[in-house]
file entry-v8.txt (compact mmCIF, C-alpha atoms and all ligand atoms)
# COMPACT_ATOMS: atom_id res chain seq x y z
CA MET Y 1 6.83 36.85 57.37
CA TYR Y 2 4.42 36.98 60.31
CA GLU Y 3 0.84 35.70 60.14
CA THR Y 4 -0.67 37.05 63.35
CA ILE Y 5 1.30 40.16 64.21
CA LEU Y 6 2.36 43.39 62.53
CA TYR Y 7 6.05 44.21 62.89
CA ASN Y 8 7.43 47.65 62.27
CA VAL Y 9 10.71 49.40 63.06
CA ASP Y 10 10.86 53.17 63.13
CA GLN Y 11 13.45 55.45 64.68
CA GLY Y 12 14.95 52.78 66.90
CA VAL Y 13 11.59 51.42 68.10
CA ALA Y 14 10.26 48.00 67.05
CA THR Y 15 6.49 47.79 67.40
CA ILE Y 16 4.88 44.35 67.62
CA THR Y 17 1.10 44.58 67.17
CA LEU Y 18 -0.94 41.48 68.05
CA ASN Y 19 -3.27 41.31 65.09
CA ARG Y 20 -6.28 39.06 65.72
CA PRO Y 21 -8.77 41.80 66.63
CA ASP Y 22 -11.91 39.66 66.04
CA SER Y 23 -10.99 37.55 69.08
CA LEU Y 24 -9.56 40.53 70.98
CA ASN Y 25 -6.09 39.28 69.98
CA ALA Y 26 -6.49 35.87 71.61
CA PHE Y 27 -3.43 33.62 71.63
CA THR Y 28 -3.07 30.73 69.24
CA LYS Y 29 0.19 28.80 68.95
CA GLN Y 30 0.90 30.87 65.86
CA LEU Y 31 0.51 34.11 67.82
CA ASN Y 32 2.72 32.82 70.66
CA ASP Y 33 5.36 31.87 68.11
CA ASP Y 34 5.12 35.11 66.15
CA VAL Y 35 5.53 37.23 69.30
CA ARG Y 36 8.52 35.16 70.38
CA LYS Y 37 10.16 35.40 66.95
CA ALA Y 38 9.49 39.12 66.68
CA VAL Y 39 11.02 39.85 70.10
CA LYS Y 40 14.02 37.74 69.07
CA GLN Y 41 14.30 39.60 65.77
CA ALA Y 42 14.15 42.99 67.54
CA SER Y 43 16.66 41.81 70.16
CA GLY Y 44 19.15 40.93 67.44
CA ASP Y 45 18.65 44.08 65.36
CA SER Y 46 21.23 46.71 66.27
CA ASP Y 47 18.94 49.44 64.87
CA VAL Y 48 16.33 48.58 67.54
CA ARG Y 49 16.77 50.12 70.99
CA CYS Y 50 13.26 49.72 72.38
CA ILE Y 51 10.39 47.27 71.77
CA VAL Y 52 6.68 48.06 72.07
CA ILE Y 53 4.04 45.32 72.26
CA THR Y 54 0.45 46.39 71.67
CA GLY Y 55 -2.86 45.11 70.29
CA ALA Y 56 -4.85 45.85 67.12
CA GLY Y 57 -8.44 47.00 67.62
CA ARG Y 58 -10.05 47.63 70.99
CA ALA Y 59 -8.12 45.07 73.08
CA PHE Y 60 -4.55 44.35 74.11
CA CYS Y 61 -4.96 40.56 74.37
CA SER Y 62 -7.72 38.26 75.67
CA GLY Y 63 -5.42 35.35 76.59
CA GLN Y 64 -5.67 31.84 75.18
CA ASP Y 65 -8.07 31.52 72.25
CA LEU Y 66 -10.85 29.55 73.92
CA LYS Y 67 -12.21 28.54 70.52
CA ASP Y 68 -8.86 26.91 69.70
CA VAL Y 69 -8.37 24.65 72.71
CA GLY Y 70 -7.91 20.96 71.98
CA GLU Y 71 -10.41 18.80 73.90
CA SER Y 72 -7.76 16.59 75.45
CA ALA Y 73 -4.88 19.05 75.35
CA ASP Y 74 -2.22 18.76 78.04
CA PHE Y 75 -2.04 22.39 79.12
CA GLY Y 76 1.30 21.81 80.82
CA GLU Y 77 2.72 20.94 77.40
CA VAL Y 78 0.88 23.88 75.79
CA LEU Y 79 2.62 26.16 78.27
CA ARG Y 80 6.04 24.57 77.77
CA ASN Y 81 5.75 24.66 73.97
CA ASN Y 82 3.85 27.90 73.31
CA TYR Y 83 3.82 30.33 76.23
CA HIS Y 84 7.06 29.72 78.09
CA PRO Y 85 9.35 30.30 75.09
CA MET Y 86 7.48 33.58 74.46
CA VAL Y 87 7.81 35.02 77.97
CA ARG Y 88 11.38 33.70 78.25
CA GLU Y 89 12.33 35.67 75.14
CA ILE Y 90 10.99 38.87 76.74
CA GLU Y 91 12.57 38.11 80.11
CA ARG Y 92 15.97 37.58 78.46
CA CYS Y 93 15.72 40.49 76.04
CA GLU Y 94 18.50 43.02 76.71
CA LYS Y 95 16.42 45.92 75.38
CA PRO Y 96 13.56 47.68 77.17
CA VAL Y 97 10.16 46.19 76.34
CA ILE Y 98 7.00 48.27 76.78
CA ALA Y 99 3.48 46.82 76.94
CA ALA Y 100 1.24 49.50 75.43
CA VAL Y 101 -1.98 48.11 76.92
CA ASN Y 102 -4.52 49.72 74.60
CA GLY Y 103 -7.56 47.84 75.96
CA VAL Y 104 -8.38 44.75 78.00
CA ALA Y 105 -5.51 42.45 79.03
CA ALA Y 106 -7.08 39.14 80.10
CA GLY Y 107 -5.58 35.81 81.17
CA ALA Y 108 -2.29 35.20 79.41
CA GLY Y 109 -2.72 38.66 77.88
CA PHE Y 110 -2.34 40.03 81.41
CA SER Y 111 0.73 37.79 81.78
CA LEU Y 112 2.20 39.18 78.57
CA ALA Y 113 1.85 42.72 79.93
CA LEU Y 114 3.52 41.63 83.19
CA ALA Y 115 6.47 40.08 81.36
CA CYS Y 116 7.28 43.46 79.81
CA ASP Y 117 9.50 45.99 81.60
CA PHE Y 118 7.08 48.92 81.41
CA ARG Y 119 3.30 49.16 81.12
CA ILE Y 120 1.44 52.14 79.64
CA ALA Y 121 -2.35 52.21 79.86
CA SER Y 122 -5.23 54.61 79.24
CA GLU Y 123 -8.75 54.83 80.63
CA LYS Y 124 -9.71 52.26 77.94
CA SER Y 125 -7.40 49.63 79.48
CA SER Y 126 -8.36 47.00 82.03
CA PHE Y 127 -6.78 43.90 83.52
CA ILE Y 128 -8.41 40.60 84.43
CA GLN Y 129 -7.07 37.31 85.75
CA ALA Y 130 -9.66 35.48 83.66
CA PHE Y 131 -8.14 32.04 84.40
CA ILE Y 132 -10.20 31.34 87.53
CA HIS Y 133 -13.46 31.85 85.63
CA ILE Y 134 -12.66 28.80 83.53
CA GLY Y 135 -11.17 26.79 86.40
CA LEU Y 136 -7.51 27.38 85.52
CA VAL Y 137 -4.61 28.96 87.36
CA PRO Y 138 -2.69 32.03 86.17
CA ASP Y 139 0.08 31.01 83.79
CA ALA Y 140 2.73 32.32 81.40
CA ALA Y 141 4.76 33.49 84.43
CA ASN Y 142 1.85 35.59 85.71
CA LEU Y 143 2.35 34.67 89.37
CA TYR Y 144 6.10 35.04 89.04
CA TYR Y 145 5.77 38.71 88.18
CA LEU Y 146 2.59 39.89 89.86
CA PRO Y 147 3.52 39.46 93.57
CA LYS Y 148 6.82 41.20 92.92
CA LEU Y 149 4.97 44.13 91.41
CA ILE Y 150 1.93 44.51 93.69
CA GLY Y 151 2.56 42.23 96.68
CA GLU Y 152 1.13 38.88 97.73
CA ALA Y 153 -2.16 40.08 99.19
CA LYS Y 154 -3.33 41.96 96.10
CA THR Y 155 -2.05 39.16 93.84
CA MET Y 156 -4.12 36.63 95.80
CA GLU Y 157 -7.17 38.86 95.54
CA LEU Y 158 -6.88 39.37 91.78
CA ALA Y 159 -5.98 35.75 90.98
CA VAL Y 160 -8.67 34.14 93.14
CA LEU Y 161 -11.55 36.57 92.72
CA GLY Y 162 -10.83 37.25 89.04
CA ASP Y 163 -12.35 40.72 89.14
CA LYS Y 164 -11.58 43.04 86.28
CA ILE Y 165 -9.66 46.11 87.44
CA SER Y 166 -9.59 49.48 85.73
CA ALA Y 167 -6.41 51.21 84.62
CA GLU Y 168 -6.85 53.64 87.51
CA THR Y 169 -6.84 50.77 90.02
CA ALA Y 170 -3.88 49.19 88.24
CA GLN Y 171 -2.10 52.52 88.62
CA GLN Y 172 -2.89 52.60 92.35
CA TYR Y 173 -1.55 49.05 92.72
CA GLY Y 174 1.75 50.10 91.12
CA LEU Y 175 1.31 48.06 87.95
CA LEU Y 176 1.68 50.93 85.52
CA THR Y 177 4.55 53.10 84.42
CA LYS Y 178 2.17 55.62 82.91
CA LEU Y 179 -1.58 56.18 82.79
CA VAL Y 180 -2.34 58.46 79.86
CA SER Y 181 -5.41 59.78 78.09
CA SER Y 182 -6.60 57.71 75.13
CA ASP Y 183 -6.90 61.01 73.21
CA ASN Y 184 -3.09 61.23 73.17
CA TRP Y 185 -2.43 57.47 73.10
CA GLU Y 186 -0.07 57.24 70.12
CA ASP Y 187 1.83 60.41 71.00
CA GLU Y 188 2.32 59.27 74.60
CA VAL Y 189 3.45 55.75 73.63
CA ASN Y 190 5.75 57.09 70.89
CA ALA Y 191 7.24 59.71 73.20
CA PHE Y 192 7.99 57.19 75.94
CA ALA Y 193 9.39 54.60 73.51
CA GLY Y 194 11.43 57.33 71.78
CA ARG Y 195 12.82 58.43 75.12
CA LEU Y 196 13.98 54.88 75.94
CA ALA Y 197 15.36 54.39 72.41
CA ALA Y 198 17.59 57.47 72.87
CA MET Y 199 19.08 56.17 76.13
CA PRO Y 200 22.22 54.07 76.71
CA THR Y 201 20.77 50.74 75.60
CA LYS Y 202 23.50 48.54 77.04
CA ALA Y 203 23.16 50.16 80.47
CA ILE Y 204 19.39 49.56 80.36
CA GLY Y 205 20.02 45.87 79.59
CA LEU Y 206 22.43 45.63 82.50
CA ILE Y 207 19.97 47.35 84.85
CA LYS Y 208 17.29 44.84 83.76
CA ARG Y 209 19.65 41.92 84.45
CA SER Y 210 20.60 43.25 87.89
CA ILE Y 211 17.01 43.83 89.00
CA LYS Y 212 15.92 40.39 87.85
CA ALA Y 213 18.96 38.65 89.34
CA SER Y 214 18.47 40.40 92.69
CA TRP Y 215 15.46 38.17 93.48
CA ASN Y 216 17.42 34.95 93.35
CA ILE Y 217 20.96 35.60 94.55
CA THR Y 218 22.71 36.45 97.80
CA PHE Y 219 23.92 39.94 98.65
CA ASP Y 220 27.54 39.06 97.90
CA GLU Y 221 26.61 37.41 94.60
CA TYR Y 222 24.69 40.56 93.77
CA LEU Y 223 27.69 42.79 94.50
CA GLU Y 224 29.82 40.68 92.16
CA LYS Y 225 27.16 40.91 89.46
CA GLU Y 226 26.99 44.67 89.97
CA ALA Y 227 30.76 45.02 89.57
CA TYR Y 228 30.66 42.93 86.39
CA GLY Y 229 27.76 45.00 84.99
CA GLN Y 230 29.43 48.30 85.78
CA ARG Y 231 32.63 47.11 84.13
CA ILE Y 232 30.69 46.40 80.92
CA ALA Y 233 28.81 49.72 81.11
CA GLY Y 234 32.05 51.59 81.72
CA LEU Y 235 33.51 50.20 78.49
CA THR Y 236 30.67 51.48 76.28
CA ASP Y 237 30.83 54.44 73.88
CA ASP Y 238 27.70 55.73 75.62
CA PHE Y 239 29.59 56.09 78.91
CA GLU Y 240 32.31 58.06 77.14
CA GLU Y 241 29.66 60.22 75.47
CA GLY Y 242 27.78 60.74 78.74
CA VAL Y 243 30.87 62.02 80.54
CA GLN Y 244 31.97 64.20 77.61
CA ALA Y 245 28.48 65.69 77.32
CA PHE Y 246 28.52 66.49 81.04
CA ILE Y 247 31.87 68.28 80.70
CA ASP Y 248 30.70 70.10 77.54
CA LYS Y 249 27.44 71.07 79.30
CA ARG Y 250 25.34 69.61 76.45
CA LYS Y 251 22.73 66.86 76.04
CA PRO Y 252 24.37 63.45 75.40
CA ALA Y 253 23.74 61.76 72.04
CA PHE Y 254 23.76 58.09 73.03
CA GLN Y 255 24.17 55.51 70.26
CA GLY Y 256 23.24 52.38 72.20
CA LYS Y 257 26.81 51.04 71.94
O1 LIG S 1 -3.72 26.26 76.46
C1 LIG S 1 -4.45 26.60 77.39
O2 LIG S 1 -5.65 26.73 77.22
C2 LIG S 1 -3.83 26.98 78.72
C3 LIG S 1 -3.48 28.41 78.73
C4 LIG S 1 -4.36 29.34 79.19
C5 LIG S 1 -4.01 30.78 79.17
C6 LIG S 1 -5.22 31.67 79.30
O3 LIG S 1 -5.09 32.81 78.86
S1 LIG S 1 -6.64 31.13 80.04
C7 LIG S 1 -7.71 32.56 79.94
C8 LIG S 1 -8.35 32.70 78.58
N1 LIG S 1 -9.04 33.97 78.42
C9 LIG S 1 -10.23 34.19 78.95
O4 LIG S 1 -10.81 33.40 79.63
C10 LIG S 1 -10.86 35.53 78.60
C11 LIG S 1 -12.13 35.31 77.80
N2 LIG S 1 -12.68 36.59 77.38
C12 LIG S 1 -13.33 37.40 78.24
O5 LIG S 1 -13.47 37.14 79.42
C13 LIG S 1 -13.90 38.65 77.64
O6 LIG S 1 -14.03 38.48 76.25
C14 LIG S 1 -13.02 39.89 77.90
C15 LIG S 1 -13.07 40.26 79.39
C16 LIG S 1 -11.56 39.67 77.48
C17 LIG S 1 -13.58 41.10 77.08
O7 LIG S 1 -14.98 41.19 77.29
P1 LIG S 1 -15.85 42.09 76.29
O8 LIG S 1 -17.24 42.11 76.82
O9 LIG S 1 -15.17 43.39 76.08
O10 LIG S 1 -15.80 41.35 74.87
P2 LIG S 1 -16.60 40.02 74.44
O11 LIG S 1 -17.90 40.42 73.84
O12 LIG S 1 -16.58 39.02 75.52
O13 LIG S 1 -15.63 39.46 73.27
C18 LIG S 1 -15.63 40.05 71.96
C19 LIG S 1 -15.32 38.94 70.97
O14 LIG S 1 -14.03 38.39 71.24
C20 LIG S 1 -16.31 37.77 71.09
O15 LIG S 1 -16.46 37.21 69.81
P3 LIG S 1 -17.81 37.41 68.97
O16 LIG S 1 -18.95 36.98 69.84
O17 LIG S 1 -17.86 38.91 68.68
O18 LIG S 1 -17.62 36.59 67.75
C21 LIG S 1 -15.58 36.79 71.97
O19 LIG S 1 -15.98 35.47 71.81
C22 LIG S 1 -14.15 36.98 71.47
N3 LIG S 1 -13.19 36.60 72.49
C23 LIG S 1 -12.87 37.26 73.62
N4 LIG S 1 -11.96 36.59 74.31
C24 LIG S 1 -11.69 35.47 73.61
C25 LIG S 1 -12.47 35.47 72.44
N5 LIG S 1 -12.40 34.49 71.55
C26 LIG S 1 -11.57 33.46 71.81
N6 LIG S 1 -10.80 33.40 72.92
C27 LIG S 1 -10.82 34.37 73.83
N7 LIG S 1 -10.02 34.31 74.89

call {"tool": "encode", "arguments": {"input": "entry-v8.txt", "output": "structure tokens"}}
result
Amino acid sequence: MYETILYNVDQGVATITLNRPDSLNAFTKQLNDDVRKAVKQASGDSDVRCIVITGAGRAFCSGQDLKDVGESADFGEVLRNNYHPMVREIERCEKPVIAAVNGVAAGAGFSLALACDFRIASEKSSFIQAFIHIGLVPDAANLYYLPKLIGEAKTMELAVLGDKISAETAQQYGLLTKLVSSDNWEDEVNAFAGRLAAMPTKAIGLIKRSIKASWNITFDEYLEKEAYGQRIAGLTDDFEEGVQAFIDKRKPAFQGK
């Protein structure tokens, strides 16, 4: 079904593996489309309660495939047709999305990691705003997310200087949810994804919506959104289960409903 990714669902976790390792998982239109479709598929699958995006081989993603760039391509159109639908799908996804950044994340590969809700990295990971080295500007919503995560000054520094930063530096900047040892990579990623997949999925989706909305709306609009979100959360089976488990002094068994 997919040409450039691997797609697997196991125990509530959908794993999307970018699978063009010879180019360090560089983006072609096909890869953009496959990621978008896979996130959409996972979003619509009630068995899926968490999504992991990672890369095959030694890299996470090296950004646009520079060997597949049309000579007279209009990059604005490339973004609108290939990259924007992909990051929009992640932005709108109501389930938690983890970037398991197994190696270098360069250019739009960095952007892909930023579009996710959580980032896990190891000492093998690194991040580079490669765009400036080829005379381009960060794209695929890169500069929408990055200043919110690490502030304007550090964003300017990374985007303009284009220096590669280590996972440790990324951790110091506040980019990472978790910095783990590559020796325990799969266990750590699986444990974190499994933890999210066992949580009240609808509440996570509502938290995601509230955080994202908070950047663009007034305080009073936010309060209204909060009341709406809490109403929805309060009607879920997971809320009922959470309260009952508290009263019973046991661990809740959330179903994501
Ligand atoms: O449509 C549009 O064009 C607009 C949208 C733009 C979005 C963007 O993402 S622009 C930014 C594009 N990406 C880059 O500029 C990054 C280019 N790659 C690198 O800077 C380096 O490869 C890395 C820092 C990512 C990793 O360096 P290193 O030393 O670990 O690996 P390497 O030796 O450079 O690469 C290994 C192989 O992957 C190599 O192929 P080979 O020689 O073994 O056959 C290399 O050519 C290939 N590769 C790496 N990145 C790309 C790539 N092939 C095609 N496209 C790439 N982006």

call {"tool": "residues_around", "arguments": {"input": "entry-v8.txt", "residues": "segment 85-97 of chain Y", "least_positions_apart": "6", "cutoff": "9 Å", "atoms": "all atoms listed in the file", "output": "number ranges by chain"}}
result
Y: 32-37, 39-40, 42-43, 48-53, 79, 111-112, 115-119, 140-141, 193, 196-197, 201-202, 204-206, 208-209, 212

call {"tool": "write_last_selection", "arguments": {"input": "entry-v8.txt", "atoms": "C-alpha atoms", "output": "PDB file, in the coordinates of the input"}}
result
ATOM      1  CA  ASN Y  32       2.720  32.820  70.660  1.00  0.00           C
ATOM      2  CA  ASP Y  33       5.360  31.870  68.110  1.00  0.00           C
ATOM      3  CA  ASP Y  34       5.120  35.110  66.150  1.00  0.00           C
ATOM      4  CA  VAL Y  35       5.530  37.230  69.300  1.00  0.00           C
ATOM      5  CA  ARG Y  36       8.520  35.160  70.380  1.00  0.00           C
ATOM      6  CA  LYS Y  37      10.160  35.400  66.950  1.00  0.00           C
ATOM      7  CA  VAL Y  39      11.020  39.850  70.100  1.00  0.00           C
ATOM      8  CA  LYS Y  40      14.020  37.740  69.070  1.00  0.00           C
ATOM      9  CA  ALA Y  42      14.150  42.990  67.540  1.00  0.00           C
ATOM     10  CA  SER Y  43      16.660  41.810  70.160  1.00  0.00           C
ATOM     11  CA  VAL Y  48      16.330  48.580  67.540  1.00  0.00           C
ATOM     12  CA  ARG Y  49      16.770  50.120  70.990  1.00  0.00           C
ATOM     13  CA  CYS Y  50      13.260  49.720  72.380  1.00  0.00           C
ATOM     14  CA  ILE Y  51      10.390  47.270  71.770  1.00  0.00           C
ATOM     15  CA  VAL Y  52       6.680  48.060  72.070  1.00  0.00           C
ATOM     16  CA  ILE Y  53       4.040  45.320  72.260  1.00  0.00           C
ATOM     17  CA  LEU Y  79       2.620  26.160  78.270  1.00  0.00           C
ATOM     18  CA  SER Y 111       0.730  37.790  81.780  1.00  0.00           C
ATOM     19  CA  LEU Y 112       2.200  39.180  78.570  1.00  0.00           C
ATOM     20  CA  ALA Y 115       6.470  40.080  81.360  1.00  0.00           C
ATOM     21  CA  CYS Y 116       7.280  43.460  79.810  1.00  0.00           C
ATOM     22  CA  ASP Y 117       9.500  45.990  81.600  1.00  0.00           C
ATOM     23  CA  PHE Y 118       7.080  48.920  81.410  1.00  0.00           C
ATOM     24  CA  ARG Y 119       3.300  49.160  81.120  1.00  0.00           C
ATOM     25  CA  ALA Y 140       2.730  32.320  81.400  1.00  0.00           C
ATOM     26  CA  ALA Y 141       4.760  33.490  84.430  1.00  0.00           C
ATOM     27  CA  ALA Y 193       9.390  54.600  73.510  1.00  0.00           C
ATOM     28  CA  LEU Y 196      13.980  54.880  75.940  1.00  0.00           C
ATOM     29  CA  ALA Y 197      15.360  54.390  72.410  1.00  0.00           C
ATOM     30  CA  THR Y 201      20.770  50.740  75.600  1.00  0.00           C
ATOM     31  CA  LYS Y 202      23.500  48.540  77.040  1.00  0.00           C
ATOM     32  CA  ILE Y 204      19.390  49.560  80.360  1.00  0.00           C
ATOM     33  CA  GLY Y 205      20.020  45.870  79.590  1.00  0.00           C
ATOM     34  CA  LEU Y 206      22.430  45.630  82.500  1.00  0.00           C
ATOM     35  CA  LYS Y 208      17.290  44.840  83.760  1.00  0.00           C
ATOM     36  CA  ARG Y 209      19.650  41.920  84.450  1.00  0.00           C
ATOM     37  CA  LYS Y 212      15.920  40.390  87.850  1.00  0.00           C
TER      38      LYS Y 212
END

call {"tool": "residues_around", "arguments": {"input": "entry-v8.txt", "residues": "segment 233-249 of chain Y", "least_positions_apart": "4", "cutoff": "10 Å", "atoms": "all atoms listed in the file", "output": "list in words"}}
result
Met199, Pro200, Thr201, Lys202, Ala203, Ile204, Gly205, Leu206, Ile207, Ala227, Tyr228, Gly229, Ala253, Phe254, Gln255, Gly256 and Lys257 of chain Y

call {"tool": "closest_atom_pairs", "arguments": {"input": "entry-v8.txt", "of": "segment 60-142 of chain Y", "to": "segment 149-172 of chain Y", "cutoff": "6 Å", "atoms": "only C-alpha atoms", "output": "CSV"}}
result
residue,atom,partner,partner_atom,distance
Y:Glu123,CA,Y:Ala167,CA,5.9
Y:Ser125,CA,Y:Ala167,CA,5.5
Y:Ser126,CA,Y:Ser166,CA,4.6
Y:Phe127,CA,Y:Ile165,CA,5.3
Y:Ile128,CA,Y:Lys164,CA,4.4
Y:Gln129,CA,Y:Gly162,CA,5.0
Y:Ala130,CA,Y:Gly162,CA,5.8

call {"tool": "residues_near_ligand", "arguments": {"input": "entry-v8.txt", "ligand": "ligand LIG 1 (chain S)", "cutoff": "9 Å", "atoms": "only C-alpha atoms and all ligand atoms", "output": "PyMOL selection string"}}
result
chain Y and resi 21-29+58-59+61-70+73-79+82-83+103-111+126-140+164

call {"tool": "closest_residue", "arguments": {"input": "entry-v8.txt", "among": "Y:Arg195, Y:Leu146, Y:Asn102, Y:Arg250", "to": "Ser182 of chain Y", "atoms": "only C-alpha atoms"}}
result
Y:Asn102

call {"tool": "closest_residue", "arguments": {"input": "entry-v8.txt", "among": "Y:Ala38, Y:Leu175, Y:Ala213, Y:Ala56", "to": "Leu114 of chain Y", "atoms": "only C-alpha atoms"}}
result
Y:Leu175

call {"tool": "residues_around", "arguments": {"input": "entry-v8.txt", "residues": "Asp183 of chain Y", "least_positions_apart": "5", "cutoff": "12 Å", "atoms": "only C-alpha atoms", "output": "list in words"}}
result
Asn102, Ala121, Ser122, Glu123, Lys124, Glu188 and Val189 of chain Y

call {"tool": "axis_aligned_box", "arguments": {"input": "entry-v8.txt", "around": "segment 105-124 of chain Y", "padding_each_side": "4 Å", "output": "lines of an AutoDock Vina configuration file"}}
result
center_x = -0.1
center_y = 45.0
center_z = 80.5
size_x = 27.2
size_y = 27.6
size_z = 13.3

call {"tool": "atom_distance", "arguments": {"input": "entry-v8.txt", "atom1": "atom CA of Leu18 of chain Y", "atom2": "atom CA of Phe60 of chain Y"}}
result
7.6 Å
